Amino acid sequence: MADIYKDRKYISFGADGINPLGIVRSLGQVGIKTDIIRDTESGHFASVNTSKYAGSVFFADSNEDAYKILSENYGNEELKPVLFFTYEGHSDFCDELYDELKDKYIFYNAGGKGALTRLNNKEVQCQLAKECGIRVPIYEIVHKGDLPKNVPYPVITKTLTSTESGWKRDMIVCQNEQELLQAYTEILADNIMVEEYIDAPNEFDLKGFSIKGGEQIYFTYQKRWHYKDPSKRWLMYFEPCDNEDIKAKLTAFIRKANYSGIFDAEFMQKEDGELVFLEVNWRTGMFNYNHTFAGVNLPFLWAKSTIDGRIDYDSIKPTVSSYTAFDEMSFSSVLHHPSCILQWLKALKQADVLYYYHPKDKKPCLVAWKHFIKRKITNFVHKNK
């Protein structure tokens, strides 16, 4: 008898790194080999295709090339293959092909062509969040070079989507008008969100998955990252979320978005505990494998629930009450601040789960460190020529 969950194809579409690696490892732990269609250019990532849980591997030079590979190899499956996106550039591309994909694949979507792409716009997200009673920083959308009229300083500049070139580079904190005008000389985007800068001690994150346009939603444990505390900033702290208010507001938000898929909601948390909206990633977030470590296998649960048409809440049973996770490639920060090495090593020892190293799947970690060291040496040589 066919297994409707495991006898279909699972595909990581387009990206490399620990985000898809977490998906591949999570599915691998329930006996599923994930096929991979990934960008040809690796850079310095964890080489997801080296995981023992990887199935067939294809390399693509572009989104169009990846779609061609997808169509030629999975376009006529009896059971709909499941697609996972870990970067908006890939999800936006497939979102434009929604009508061609909807009857052949299971994938993250907002119910229509272009709907998910629209949701990736920060202004659209902020408007939806405000409608659902979520505290949003004061912001304005301005043309590069123009000054905001109502946003108090300090401010932070952001591109409207993460697919714009230079989106990380364009994120600049400015204390006053002079610094903002100077920032404009470095910013690449033509239109910018200028946002009130929230100087909060913690980042707060809440992942989960949604089916049938938000009709049913499951939230995982919340993450707190004390990024300003030198003794705690290396670890991510996970615990049950007892903030029913934010879960209710996010539920309304996701339903308004008509979203089906895995999501990652991010906030700043102020000293008084107030949560201030940053964004929702309409995809699997980078730090995802830890949930599988804790008994909540997000990729498989979302796929299974979508196939079943319902979330079996009673069957989802986290195996730990709270835990810590650690990103080993944060060692890059230690190179800039050598005095932090002892704190970094202490965090490495204390962490309950790591993102690169896995005792049953070691090769991606070894490849990631090899690329890391090679990149640092290459940069050093170029700087000293």
# chains A, B, ... in the order shown; residues from 1 in each chain; ligands from 1
call {"tool": "residues_around", "arguments": {"residues": "Cys132 in chain A", "least_positions_apart": "2", "cutoff": "7 Å", "atoms": "only C-alpha atoms", "output": "list in words"}}
result
Leu128, Ala129, Lys130, Ile134, Lys249, Ala252 and Phe253 of chain A
call {"tool": "write_last_selection", "arguments": {"atoms": "all heavy atoms", "output": "JSON list (two decimals), in the first residue's frame"}}
result
[["chain", "number", "residue", "atom", "x", "y", "z"],
["A", 128, "LEU", "N", -0.44, 45.38, 7.11],
["A", 128, "LEU", "CA", -1.20, 44.24, 7.61],
["A", 128, "LEU", "C", -1.03, 44.08, 9.11],
["A", 128, "LEU", "O", -1.98, 43.80, 9.84],
["A", 128, "LEU", "CB", -0.75, 42.96, 6.90],
["A", 128, "LEU", "CG", -1.31, 42.68, 5.51],
["A", 128, "LEU", "CD1", -0.66, 41.43, 4.93],
["A", 128, "LEU", "CD2", -2.82, 42.51, 5.56],
["A", 129, "ALA", "N", 0.21, 44.25, 9.59],
["A", 129, "ALA", "CA", 0.49, 44.11, 11.02],
["A", 129, "ALA", "C", -0.30, 45.14, 11.82],
["A", 129, "ALA", "O", -0.90, 44.81, 12.86],
["A", 129, "ALA", "CB", 1.99, 44.24, 11.29],
["A", 130, "LYS", "N", -0.32, 46.38, 11.34],
["A", 130, "LYS", "CA", -1.06, 47.43, 12.05],
["A", 130, "LYS", "C", -2.56, 47.11, 12.09],
["A", 130, "LYS", "O", -3.23, 47.33, 13.10],
["A", 130, "LYS", "CB", -0.82, 48.79, 11.38],
["A", 130, "LYS", "CG", 0.55, 49.37, 11.68],
["A", 130, "LYS", "CD", 0.65, 50.83, 11.30],
["A", 130, "LYS", "CE", 0.59, 51.05, 9.81],
["A", 130, "LYS", "NZ", 0.81, 52.48, 9.45],
["A", 134, "ILE", "N", -0.76, 44.85, 15.82],
["A", 134, "ILE", "CA", 0.64, 44.62, 16.17],
["A", 134, "ILE", "C", 1.39, 45.94, 16.13],
["A", 134, "ILE", "O", 1.23, 46.73, 15.18],
["A", 134, "ILE", "CB", 1.29, 43.61, 15.20],
["A", 134, "ILE", "CG1", 0.57, 42.26, 15.28],
["A", 134, "ILE", "CG2", 2.78, 43.43, 15.51],
["A", 134, "ILE", "CD1", 1.01, 41.26, 14.22],
["A", 249, "LYS", "N", -2.76, 37.76, 17.42],
["A", 249, "LYS", "CA", -2.57, 38.80, 16.41],
["A", 249, "LYS", "C", -1.87, 38.25, 15.18],
["A", 249, "LYS", "O", -2.19, 38.62, 14.04],
["A", 249, "LYS", "CB", -1.79, 39.97, 17.02],
["A", 249, "LYS", "CG", -2.61, 40.75, 18.05],
["A", 249, "LYS", "CD", -1.78, 41.82, 18.74],
["A", 249, "LYS", "CE", -2.66, 42.61, 19.73],
["A", 249, "LYS", "NZ", -1.87, 43.61, 20.50],
["A", 252, "ALA", "N", -4.38, 36.36, 13.08],
["A", 252, "ALA", "CA", -5.17, 37.26, 12.25],
["A", 252, "ALA", "C", -4.35, 37.76, 11.06],
["A", 252, "ALA", "O", -4.85, 37.86, 9.93],
["A", 252, "ALA", "CB", -5.65, 38.45, 13.09],
["A", 253, "PHE", "N", -3.09, 38.04, 11.31],
["A", 253, "PHE", "CA", -2.17, 38.52, 10.27],
["A", 253, "PHE", "C", -2.03, 37.49, 9.15],
["A", 253, "PHE", "O", -2.15, 37.80, 7.96],
["A", 253, "PHE", "CB", -0.82, 38.80, 10.94],
["A", 253, "PHE", "CG", 0.23, 39.39, 10.04],
["A", 253, "PHE", "CD1", 0.43, 40.76, 10.00],
["A", 253, "PHE", "CD2", 1.03, 38.58, 9.25],
["A", 253, "PHE", "CE1", 1.42, 41.31, 9.20],
["A", 253, "PHE", "CE2", 2.02, 39.12, 8.44],
["A", 253, "PHE", "CZ", 2.21, 40.48, 8.41]]
call {"tool": "residues_around", "arguments": {"residues": "Asp103 in chain A", "least_positions_apart": "2", "cutoff": "12 Å", "atoms": "only C-alpha atoms", "output": "PDB file with N, CA and C atoms, in the first residue's frame"}}
result
ATOM      1  N   GLY A  75       7.469  16.933 -13.324  1.00  0.00           N
ATOM      2  CA  GLY A  75       6.244  17.544 -13.825  1.00  0.00           C
ATOM      3  C   GLY A  75       5.062  16.613 -13.982  1.00  0.00           C
ATOM      4  N   ASN A  76       5.277  15.302 -13.868  1.00  0.00           N
ATOM      5  CA  ASN A  76       4.167  14.364 -14.104  1.00  0.00           C
ATOM      6  C   ASN A  76       4.085  13.293 -13.017  1.00  0.00           C
ATOM      7  N   GLU A  77       4.312  13.684 -11.776  1.00  0.00           N
ATOM      8  CA  GLU A  77       4.258  12.754 -10.661  1.00  0.00           C
ATOM      9  C   GLU A  77       2.805  12.441 -10.287  1.00  0.00           C
ATOM     10  N   GLU A  78       2.547  11.195  -9.894  1.00  0.00           N
ATOM     11  CA  GLU A  78       1.196  10.810  -9.464  1.00  0.00           C
ATOM     12  C   GLU A  78       0.832  11.492  -8.150  1.00  0.00           C
ATOM     13  N   LEU A  79       1.800  11.523  -7.215  1.00  0.00           N
ATOM     14  CA  LEU A  79       1.617  12.234  -5.958  1.00  0.00           C
ATOM     15  C   LEU A  79       2.346  13.574  -6.052  1.00  0.00           C
ATOM     16  N   LYS A  80       1.663  14.650  -5.721  1.00  0.00           N
ATOM     17  CA  LYS A  80       2.267  15.982  -5.850  1.00  0.00           C
ATOM     18  C   LYS A  80       3.584  16.068  -5.081  1.00  0.00           C
ATOM     19  N   PRO A  81       4.682  16.448  -5.728  1.00  0.00           N
ATOM     20  CA  PRO A  81       5.920  16.703  -4.987  1.00  0.00           C
ATOM     21  C   PRO A  81       5.763  17.932  -4.079  1.00  0.00           C
ATOM     22  N   VAL A  82       6.574  17.973  -3.031  1.00  0.00           N
ATOM     23  CA  VAL A  82       6.547  19.081  -2.075  1.00  0.00           C
ATOM     24  C   VAL A  82       7.770  19.950  -2.301  1.00  0.00           C
ATOM     25  N   LEU A  97       4.640  31.844 -11.172  1.00  0.00           N
ATOM     26  CA  LEU A  97       4.218  30.665 -11.939  1.00  0.00           C
ATOM     27  C   LEU A  97       3.142  29.878 -11.195  1.00  0.00           C
ATOM     28  N   TYR A  98       2.466  30.555 -10.275  1.00  0.00           N
ATOM     29  CA  TYR A  98       1.478  29.890  -9.412  1.00  0.00           C
ATOM     30  C   TYR A  98       0.466  29.076 -10.206  1.00  0.00           C
ATOM     31  N   ASP A  99      -0.065  29.651 -11.269  1.00  0.00           N
ATOM     32  CA  ASP A  99      -1.104  28.954 -12.040  1.00  0.00           C
ATOM     33  C   ASP A  99      -0.578  27.684 -12.691  1.00  0.00           C
ATOM     34  N   GLU A 100       0.709  27.693 -13.081  1.00  0.00           N
ATOM     35  CA  GLU A 100       1.308  26.505 -13.688  1.00  0.00           C
ATOM     36  C   GLU A 100       1.671  25.447 -12.654  1.00  0.00           C
ATOM     37  N   LEU A 101       1.946  25.884 -11.418  1.00  0.00           N
ATOM     38  CA  LEU A 101       2.438  24.963 -10.394  1.00  0.00           C
ATOM     39  C   LEU A 101       1.347  24.393  -9.482  1.00  0.00           C
ATOM     40  N   TYR A 105       2.186  20.703  -7.707  1.00  0.00           N
ATOM     41  CA  TYR A 105       3.100  20.701  -6.572  1.00  0.00           C
ATOM     42  C   TYR A 105       2.413  21.252  -5.324  1.00  0.00           C
ATOM     43  N   ILE A 106       2.977  20.897  -4.175  1.00  0.00           N
ATOM     44  CA  ILE A 106       2.628  21.508  -2.895  1.00  0.00           C
ATOM     45  C   ILE A 106       3.739  22.493  -2.581  1.00  0.00           C
ATOM     46  N   PHE A 107       3.393  23.761  -2.366  1.00  0.00           N
ATOM     47  CA  PHE A 107       4.422  24.776  -2.135  1.00  0.00           C
ATOM     48  C   PHE A 107       3.827  25.947  -1.367  1.00  0.00           C
TER      49      PHE A 107
END
call {"tool": "select_by_dssp", "arguments": {"residues": "range 84-324 of chain A", "states": "alpha helix (DSSP H)", "output": "PyMOL selection string"}}
result
chain A and resi 88-95+98-101+115-119+122-131+177-184+244-257+289-293+298-308
call {"tool": "closest_residue", "arguments": {"among": "A:His291, A:Lys270, A:Arg169, A:Lys383", "to": "Glu239 in chain A", "atoms": "only C-alpha atoms"}}
result
A:His291
call {"tool": "closest_residue", "arguments": {"among": "A:Asp16, A:Glu196, A:Glu203, A:Glu123", "to": "Ile172 in chain A", "atoms": "only C-alpha atoms"}}
result
A:Glu196
call {"tool": "closest_atom_pairs", "arguments": {"of": "range 307-348 of chain A", "to": "range 206-225 of chain A", "cutoff": "8 Å", "atoms": "only C-alpha atoms", "output": "Markdown table"}}
result
| residue | atom | partner | partner_atom | distance |
| --- | --- | --- | --- | --- |
| A:Gly309 | CA | A:Ile211 | CA | 7.4 |
| A:Arg310 | CA | A:Gln216 | CA | 7.2 |
| A:Ile311 | CA | A:Gln216 | CA | 6.8 |
| A:Tyr313 | CA | A:Tyr218 | CA | 7.8 |
call {"tool": "write_last_selection", "arguments": {"atoms": "N, CA, C and O atoms", "output": "PDB file, in the first residue's frame"}}
result
ATOM      1  N   GLY A 309      -5.081  17.947   4.964  1.00  0.00           N
ATOM      2  CA  GLY A 309      -6.083  19.001   5.008  1.00  0.00           C
ATOM      3  C   GLY A 309      -6.438  19.427   6.418  1.00  0.00           C
ATOM      4  O   GLY A 309      -7.416  20.134   6.633  1.00  0.00           O
ATOM      5  N   ARG A 310      -5.622  19.031   7.387  1.00  0.00           N
ATOM      6  CA  ARG A 310      -5.842  19.432   8.782  1.00  0.00           C
ATOM      7  C   ARG A 310      -4.553  19.238   9.574  1.00  0.00           C
ATOM      8  O   ARG A 310      -3.693  18.426   9.207  1.00  0.00           O
ATOM      9  N   ILE A 311      -4.428  20.001  10.648  1.00  0.00           N
ATOM     10  CA  ILE A 311      -3.295  19.845  11.566  1.00  0.00           C
ATOM     11  C   ILE A 311      -3.734  18.964  12.726  1.00  0.00           C
ATOM     12  O   ILE A 311      -4.720  19.269  13.406  1.00  0.00           O
ATOM     13  N   TYR A 313      -3.117  18.482  15.947  1.00  0.00           N
ATOM     14  CA  TYR A 313      -2.431  19.150  17.067  1.00  0.00           C
ATOM     15  C   TYR A 313      -2.045  18.162  18.173  1.00  0.00           C
ATOM     16  O   TYR A 313      -0.979  18.281  18.783  1.00  0.00           O
TER      17      TYR A 313
END
call {"tool": "atom_distance", "arguments": {"atom1": "CA of Gln125 in chain A", "atom2": "CA of Thr159 in chain A"}}
result
13.1 Å
call {"tool": "residues_around", "arguments": {"residues": "Tyr184 in chain A", "least_positions_apart": "4", "cutoff": "10 Å", "atoms": "only C-alpha atoms", "output": "PyMOL selection string"}}
result
chain A and resi 143-146+157+170+172+179-180+188-190+192
call {"tool": "closest_atom_pairs", "arguments": {"of": "range 205-321 of chain A", "to": "range 355-373 of chain A", "cutoff": "8 Å", "atoms": "only C-alpha atoms", "output": "CSV"}}
result
residue,atom,partner,partner_atom,distance
A:Phe287,CA,A:Tyr355,CA,7.4
A:Tyr289,CA,A:Tyr355,CA,6.9
A:Asn290,CA,A:Tyr355,CA,7.5
call {"tool": "closest_residue", "arguments": {"among": "A:Tyr237, A:Phe263, A:Asp272, A:Val136", "to": "Pro201 in chain A", "atoms": "only C-alpha atoms"}}
result
A:Asp272
call {"tool": "closest_residue", "arguments": {"among": "A:Val296, A:Cys126, A:Cys174, A:Asn19", "to": "Val320 in chain A", "atoms": "only C-alpha atoms"}}
result
A:Val296
call {"tool": "atom_distance", "arguments": {"atom1": "CA of Pro240 in chain A", "atom2": "CA of Ser305 in chain A"}}
result
21.5 Å
call {"tool": "atom_distance", "arguments": {"atom1": "CA of Glu164 in chain A", "atom2": "CA of Cys94 in chain A"}}
result
17.0 Å
call {"tool": "select_by_dssp", "arguments": {"residues": "range 261-309 of chain A", "states": "strand (DSSP E or B)", "output": "PyMOL selection string"}}
result
chain A and resi 261-269+275-281
call {"tool": "closest_residue", "arguments": {"among": "A:Leu181, A:Leu116, A:Ile341, A:Val194", "to": "Leu160 in chain A", "atoms": "only C-alpha atoms"}}
result
A:Val194
call {"tool": "decode", "arguments": {"residues": "range 103-119 of chain A", "atoms": "all heavy atoms", "output": "PDB file, in the first residue's frame"}}
result
ATOM      1  N   ASP A 103      -1.458  22.882  -9.526  1.00  0.00           N
ATOM      2  CA  ASP A 103      -2.077  21.556  -9.666  1.00  0.00           C
ATOM      3  C   ASP A 103      -1.053  20.426  -9.697  1.00  0.00           C
ATOM      4  O   ASP A 103      -1.426  19.251  -9.723  1.00  0.00           O
ATOM      5  CB  ASP A 103      -2.924  21.506 -10.940  1.00  0.00           C
ATOM      6  CG  ASP A 103      -4.112  22.451 -10.869  1.00  0.00           C
ATOM      7  OD1 ASP A 103      -4.657  22.627  -9.771  1.00  0.00           O
ATOM      8  OD2 ASP A 103      -4.468  23.020 -11.929  1.00  0.00           O
ATOM      9  N   LYS A 104       0.230  20.791  -9.681  1.00  0.00           N
ATOM     10  CA  LYS A 104       1.282  19.774  -9.796  1.00  0.00           C
ATOM     11  C   LYS A 104       2.158  19.650  -8.551  1.00  0.00           C
ATOM     12  O   LYS A 104       2.819  18.626  -8.359  1.00  0.00           O
ATOM     13  CB  LYS A 104       2.177  20.092 -11.001  1.00  0.00           C
ATOM     14  CG  LYS A 104       1.470  19.965 -12.347  1.00  0.00           C
ATOM     15  CD  LYS A 104       2.444  20.199 -13.488  1.00  0.00           C
ATOM     16  CE  LYS A 104       1.769  19.999 -14.830  1.00  0.00           C
ATOM     17  NZ  LYS A 104       2.726  20.186 -15.949  1.00  0.00           N
ATOM     18  N   TYR A 105       2.186  20.703  -7.707  1.00  0.00           N
ATOM     19  CA  TYR A 105       3.100  20.701  -6.572  1.00  0.00           C
ATOM     20  C   TYR A 105       2.413  21.252  -5.324  1.00  0.00           C
ATOM     21  O   TYR A 105       1.442  21.995  -5.401  1.00  0.00           O
ATOM     22  CB  TYR A 105       4.333  21.570  -6.860  1.00  0.00           C
ATOM     23  CG  TYR A 105       5.102  21.167  -8.085  1.00  0.00           C
ATOM     24  CD1 TYR A 105       4.809  21.735  -9.330  1.00  0.00           C
ATOM     25  CD2 TYR A 105       6.114  20.210  -8.019  1.00  0.00           C
ATOM     26  CE1 TYR A 105       5.509  21.367 -10.473  1.00  0.00           C
ATOM     27  CE2 TYR A 105       6.823  19.838  -9.150  1.00  0.00           C
ATOM     28  CZ  TYR A 105       6.512  20.416 -10.375  1.00  0.00           C
ATOM     29  OH  TYR A 105       7.202  20.049 -11.504  1.00  0.00           O
ATOM     30  N   ILE A 106       2.977  20.897  -4.175  1.00  0.00           N
ATOM     31  CA  ILE A 106       2.628  21.508  -2.895  1.00  0.00           C
ATOM     32  C   ILE A 106       3.739  22.493  -2.581  1.00  0.00           C
ATOM     33  O   ILE A 106       4.920  22.118  -2.553  1.00  0.00           O
ATOM     34  CB  ILE A 106       2.515  20.441  -1.785  1.00  0.00           C
ATOM     35  CG1 ILE A 106       1.337  19.509  -2.054  1.00  0.00           C
ATOM     36  CG2 ILE A 106       2.379  21.096  -0.418  1.00  0.00           C
ATOM     37  CD1 ILE A 106       1.293  18.294  -1.143  1.00  0.00           C
ATOM     38  N   PHE A 107       3.393  23.761  -2.366  1.00  0.00           N
ATOM     39  CA  PHE A 107       4.422  24.776  -2.135  1.00  0.00           C
ATOM     40  C   PHE A 107       3.827  25.947  -1.367  1.00  0.00           C
ATOM     41  O   PHE A 107       2.617  26.135  -1.313  1.00  0.00           O
ATOM     42  CB  PHE A 107       5.036  25.249  -3.467  1.00  0.00           C
ATOM     43  CG  PHE A 107       4.049  25.842  -4.439  1.00  0.00           C
ATOM     44  CD1 PHE A 107       3.939  27.211  -4.584  1.00  0.00           C
ATOM     45  CD2 PHE A 107       3.224  25.026  -5.210  1.00  0.00           C
ATOM     46  CE1 PHE A 107       3.037  27.765  -5.482  1.00  0.00           C
ATOM     47  CE2 PHE A 107       2.325  25.558  -6.117  1.00  0.00           C
ATOM     48  CZ  PHE A 107       2.225  26.936  -6.248  1.00  0.00           C
ATOM     49  N   TYR A 108       4.697  26.767  -0.773  1.00  0.00           N
ATOM     50  CA  TYR A 108       4.247  27.943  -0.031  1.00  0.00           C
ATOM     51  C   TYR A 108       3.536  28.892  -0.994  1.00  0.00           C
ATOM     52  O   TYR A 108       4.038  29.180  -2.083  1.00  0.00           O
ATOM     53  CB  TYR A 108       5.426  28.688   0.591  1.00  0.00           C
ATOM     54  CG  TYR A 108       6.392  27.856   1.408  1.00  0.00           C
ATOM     55  CD1 TYR A 108       7.703  28.268   1.570  1.00  0.00           C
ATOM     56  CD2 TYR A 108       5.997  26.666   2.018  1.00  0.00           C
ATOM     57  CE1 TYR A 108       8.607  27.534   2.323  1.00  0.00           C
ATOM     58  CE2 TYR A 108       6.881  25.919   2.767  1.00  0.00           C
ATOM     59  CZ  TYR A 108       8.197  26.343   2.924  1.00  0.00           C
ATOM     60  OH  TYR A 108       9.090  25.614   3.663  1.00  0.00           O
ATOM     61  N   ASN A 109       2.382  29.438  -0.560  1.00  0.00           N
ATOM     62  CA  ASN A 109       1.648  30.334  -1.439  1.00  0.00           C
ATOM     63  C   ASN A 109       0.658  31.182  -0.647  1.00  0.00           C
ATOM     64  O   ASN A 109       0.391  30.912   0.527  1.00  0.00           O
ATOM     65  CB  ASN A 109       0.900  29.533  -2.512  1.00  0.00           C
ATOM     66  CG  ASN A 109      -0.267  28.748  -1.947  1.00  0.00           C
ATOM     67  OD1 ASN A 109      -1.379  29.261  -1.837  1.00  0.00           O
ATOM     68  ND2 ASN A 109      -0.022  27.500  -1.542  1.00  0.00           N
ATOM     69  N   ALA A 110       0.133  32.199  -1.303  1.00  0.00           N
ATOM     70  CA  ALA A 110      -0.878  33.052  -0.690  1.00  0.00           C
ATOM     71  C   ALA A 110      -2.151  33.064  -1.516  1.00  0.00           C
ATOM     72  O   ALA A 110      -2.919  34.022  -1.499  1.00  0.00           O
ATOM     73  CB  ALA A 110      -0.340  34.471  -0.508  1.00  0.00           C
ATOM     74  N   GLY A 111      -2.367  31.982  -2.268  1.00  0.00           N
ATOM     75  CA  GLY A 111      -3.651  31.776  -2.917  1.00  0.00           C
ATOM     76  C   GLY A 111      -3.800  32.313  -4.319  1.00  0.00           C
ATOM     77  O   GLY A 111      -4.885  32.196  -4.913  1.00  0.00           O
ATOM     78  N   GLY A 112      -2.755  32.884  -4.898  1.00  0.00           N
ATOM     79  CA  GLY A 112      -2.885  33.390  -6.253  1.00  0.00           C
ATOM     80  C   GLY A 112      -1.563  33.877  -6.802  1.00  0.00           C
ATOM     81  O   GLY A 112      -0.610  34.111  -6.050  1.00  0.00           O
ATOM     82  N   LYS A 113      -1.503  34.046  -8.095  1.00  0.00           N
ATOM     83  CA  LYS A 113      -0.285  34.511  -8.747  1.00  0.00           C
ATOM     84  C   LYS A 113       0.117  35.890  -8.233  1.00  0.00           C
ATOM     85  O   LYS A 113      -0.699  36.815  -8.197  1.00  0.00           O
ATOM     86  CB  LYS A 113      -0.509  34.568 -10.262  1.00  0.00           C
ATOM     87  CG  LYS A 113       0.671  35.100 -11.041  1.00  0.00           C
ATOM     88  CD  LYS A 113       0.363  35.162 -12.531  1.00  0.00           C
ATOM     89  CE  LYS A 113       1.529  35.765 -13.309  1.00  0.00           C
ATOM     90  NZ  LYS A 113       1.253  35.833 -14.756  1.00  0.00           N
ATOM     91  N   GLY A 114       1.381  36.022  -7.811  1.00  0.00           N
ATOM     92  CA  GLY A 114       1.896  37.305  -7.351  1.00  0.00           C
ATOM     93  C   GLY A 114       1.545  37.664  -5.923  1.00  0.00           C
ATOM     94  O   GLY A 114       2.054  38.655  -5.391  1.00  0.00           O
ATOM     95  N   ALA A 115       0.677  36.884  -5.270  1.00  0.00           N
ATOM     96  CA  ALA A 115       0.220  37.237  -3.919  1.00  0.00           C
ATOM     97  C   ALA A 115       1.338  37.123  -2.887  1.00  0.00           C
ATOM     98  O   ALA A 115       1.455  37.944  -1.979  1.00  0.00           O
ATOM     99  CB  ALA A 115      -0.960  36.357  -3.519  1.00  0.00           C
ATOM    100  N   LEU A 116       2.162  36.096  -3.021  1.00  0.00           N
ATOM    101  CA  LEU A 116       3.262  35.911  -2.073  1.00  0.00           C
ATOM    102  C   LEU A 116       4.330  36.975  -2.282  1.00  0.00           C
ATOM    103  O   LEU A 116       4.911  37.496  -1.312  1.00  0.00           O
ATOM    104  CB  LEU A 116       3.863  34.515  -2.239  1.00  0.00           C
ATOM    105  CG  LEU A 116       4.876  34.066  -1.179  1.00  0.00           C
ATOM    106  CD1 LEU A 116       4.265  34.114   0.208  1.00  0.00           C
ATOM    107  CD2 LEU A 116       5.366  32.660  -1.492  1.00  0.00           C
ATOM    108  N   THR A 117       4.599  37.319  -3.530  1.00  0.00           N
ATOM    109  CA  THR A 117       5.563  38.380  -3.835  1.00  0.00           C
ATOM    110  C   THR A 117       5.125  39.686  -3.194  1.00  0.00           C
ATOM    111  O   THR A 117       5.945  40.430  -2.638  1.00  0.00           O
ATOM    112  CB  THR A 117       5.699  38.555  -5.359  1.00  0.00           C
ATOM    113  OG1 THR A 117       6.072  37.305  -5.938  1.00  0.00           O
ATOM    114  CG2 THR A 117       6.727  39.611  -5.691  1.00  0.00           C
ATOM    115  N   ARG A 118       3.841  39.982  -3.262  1.00  0.00           N
ATOM    116  CA  ARG A 118       3.310  41.205  -2.643  1.00  0.00           C
ATOM    117  C   ARG A 118       3.546  41.182  -1.137  1.00  0.00           C
ATOM    118  O   ARG A 118       3.909  42.193  -0.535  1.00  0.00           O
ATOM    119  CB  ARG A 118       1.823  41.338  -2.948  1.00  0.00           C
ATOM    120  CG  ARG A 118       1.149  42.537  -2.299  1.00  0.00           C
ATOM    121  CD  ARG A 118      -0.311  42.652  -2.711  1.00  0.00           C
ATOM    122  NE  ARG A 118      -0.966  43.756  -2.009  1.00  0.00           N
ATOM    123  CZ  ARG A 118      -1.538  43.629  -0.819  1.00  0.00           C
ATOM    124  NH1 ARG A 118      -1.564  42.439  -0.209  1.00  0.00           N
ATOM    125  NH2 ARG A 118      -2.113  44.668  -0.237  1.00  0.00           N
ATOM    126  N   LEU A 119       3.365  40.022  -0.513  1.00  0.00           N
ATOM    127  CA  LEU A 119       3.534  39.916   0.940  1.00  0.00           C
ATOM    128  C   LEU A 119       4.977  40.119   1.369  1.00  0.00           C
ATOM    129  O   LEU A 119       5.237  40.438   2.534  1.00  0.00           O
ATOM    130  CB  LEU A 119       3.055  38.546   1.423  1.00  0.00           C
ATOM    131  CG  LEU A 119       1.556  38.295   1.442  1.00  0.00           C
ATOM    132  CD1 LEU A 119       1.284  36.855   1.853  1.00  0.00           C
ATOM    133  CD2 LEU A 119       0.848  39.263   2.385  1.00  0.00           C
TER     134      LEU A 119
END
